[in-house]
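What follows is a short report on a single structure.
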Amino acid sequence: MAQGAVARYLDELQTEGGLKGTDIANVTEVSKATVSRWKSGAVKPHPRNELILSDLYYVVGRLNEYYAADEIRSWLYARHPQLGGERAIDLINQDRTIEVLKVLDRLDSDAFV
């Protein structure tokens, strides 16, 4: 992920996904100051965090088809029966994004409203 892409992803996660710097810091397990340094281009994220950001960006993009930014943030933090009572934000952190995407695929097919 190029340095400019990191800043763009962070901007879009905030505007499109309603996520705050603190949310991004929590899901990537870094400080809010580190997220600010990523955004400014002063520091590049660790490859694991690049993957988390990329997955989060993709999930937010998919959710953007159905929800407004504040609803997306709530959806990511809510416990979902379709995820065994787990939160999407935690699954993304644990490299289990595929489970979240399966729920979104069911949303696409109108299995869940």
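The chains in the structure tokens are called A, B, ... from first to last as shown; in each chain the residues are counted from 1, and the ligands are counted from 1 in the order shown.
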
Write out as a list in words which residues come within 12 Å of Gly4 (chain A) when counting only C-alpha atoms, dropping same-chain ones fewer than 5 positions away.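 Final neighbour list, sorted by chain and number: Tyr9, Leu10, Asp11, Trp38, Lys39, Ser40, Gly41, Ala42, Val43, Lys44 and Pro45 of chain A.
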
How would you write, as a tab-separated table (two decimals) with C-alpha atoms, in the first residue's frame, the set of residues in chain A that DSSP gives as alpha helix (DSSP H)?
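result_39.tsv, freshly written:
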chain	number	residue	atom	x	y	z
A	3	GLN	CA	1.93	6.08	1.39
A	4	GLY	CA	-0.68	8.24	-0.37
A	5	ALA	CA	-3.06	5.29	-0.40
A	6	VAL	CA	-2.79	4.99	3.40
A	7	ALA	CA	-3.84	8.62	3.87
A	8	ARG	CA	-6.68	8.19	1.36
A	9	TYR	CA	-7.88	5.00	3.06
A	10	LEU	CA	-7.84	6.73	6.44
A	11	ASP	CA	-9.74	9.74	5.08
A	12	GLU	CA	-12.37	7.53	3.48
A	13	LEU	CA	-12.71	5.32	6.57
A	14	GLN	CA	-13.50	8.49	8.50
A	15	THR	CA	-15.84	10.11	5.97
A	21	GLY	CA	-8.90	7.96	14.62
A	22	THR	CA	-9.48	6.15	17.92
A	23	ASP	CA	-11.53	3.45	16.16
A	24	ILE	CA	-8.76	2.90	13.62
A	25	ALA	CA	-6.16	2.86	16.40
A	26	ASN	CA	-8.17	0.24	18.31
A	27	VAL	CA	-8.69	-2.10	15.35
A	28	THR	CA	-4.99	-1.92	14.40
A	32	LYS	CA	-4.09	7.36	18.00
A	33	ALA	CA	-0.83	9.30	17.50
A	34	THR	CA	0.45	6.49	15.27
A	35	VAL	CA	-2.68	6.73	13.13
A	36	SER	CA	-2.03	10.48	12.82
A	37	ARG	CA	1.55	9.77	11.70
A	38	TRP	CA	0.25	7.29	9.11
A	39	LYS	CA	-2.16	9.91	7.83
A	40	SER	CA	0.56	12.57	7.56
A	47	PRO	CA	2.34	-4.90	6.87
A	48	ARG	CA	-0.18	-6.58	9.23
A	49	ASN	CA	-1.81	-3.20	9.84
A	50	GLU	CA	-1.85	-2.48	6.11
A	51	LEU	CA	-3.86	-5.69	5.68
A	52	ILE	CA	-6.27	-4.70	8.46
A	53	LEU	CA	-6.72	-1.24	6.93
A	54	SER	CA	-7.24	-2.74	3.50
A	55	ASP	CA	-9.85	-5.21	4.80
A	56	LEU	CA	-11.59	-2.52	6.83
A	57	TYR	CA	-11.63	-0.22	3.79
A	58	TYR	CA	-13.19	-2.97	1.66
A	59	VAL	CA	-15.83	-3.82	4.27
A	60	VAL	CA	-16.73	-0.13	4.75
A	61	GLY	CA	-17.05	0.21	0.96
A	62	ARG	CA	-19.45	-2.73	0.86
A	63	LEU	CA	-21.46	-1.41	3.82
A	69	ALA	CA	-21.48	6.62	7.76
A	70	ASP	CA	-22.81	6.70	11.34
A	71	GLU	CA	-24.76	3.48	10.71
A	72	ILE	CA	-21.64	1.79	9.32
A	73	ARG	CA	-19.70	2.56	12.49
A	74	SER	CA	-22.56	1.16	14.58
A	75	TRP	CA	-22.77	-1.94	12.36
A	76	LEU	CA	-19.05	-2.62	12.75
A	77	TYR	CA	-19.26	-2.37	16.56
A	88	ALA	CA	-17.25	-7.28	12.80
A	89	ILE	CA	-14.53	-4.85	13.94
A	90	ASP	CA	-12.98	-7.61	16.12
A	91	LEU	CA	-13.12	-10.19	13.34
A	92	ILE	CA	-11.36	-7.80	10.96
A	93	ASN	CA	-8.63	-7.34	13.59
A	97	THR	CA	-12.71	-10.68	7.49
A	98	ILE	CA	-14.00	-13.51	5.29
A	99	GLU	CA	-16.67	-14.22	7.93
A	100	VAL	CA	-17.82	-10.59	7.75
A	101	LEU	CA	-17.84	-10.72	3.96
A	102	LYS	CA	-20.08	-13.81	4.02
A	103	VAL	CA	-22.65	-11.82	6.02
A	104	LEU	CA	-22.37	-8.98	3.49
A	105	ASP	CA	-22.85	-11.45	0.64
A	106	ARG	CA	-26.09	-12.53	2.34
A	107	LEU	CA	-27.09	-8.86	2.60
A	108	ASP	CA	-26.49	-8.61	-1.14

Please report the interatomic distance between CA of Glu16 (chain A) and CA of Gln82 (chain A) in Å with one decimal.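 The value is 23.4 Å.
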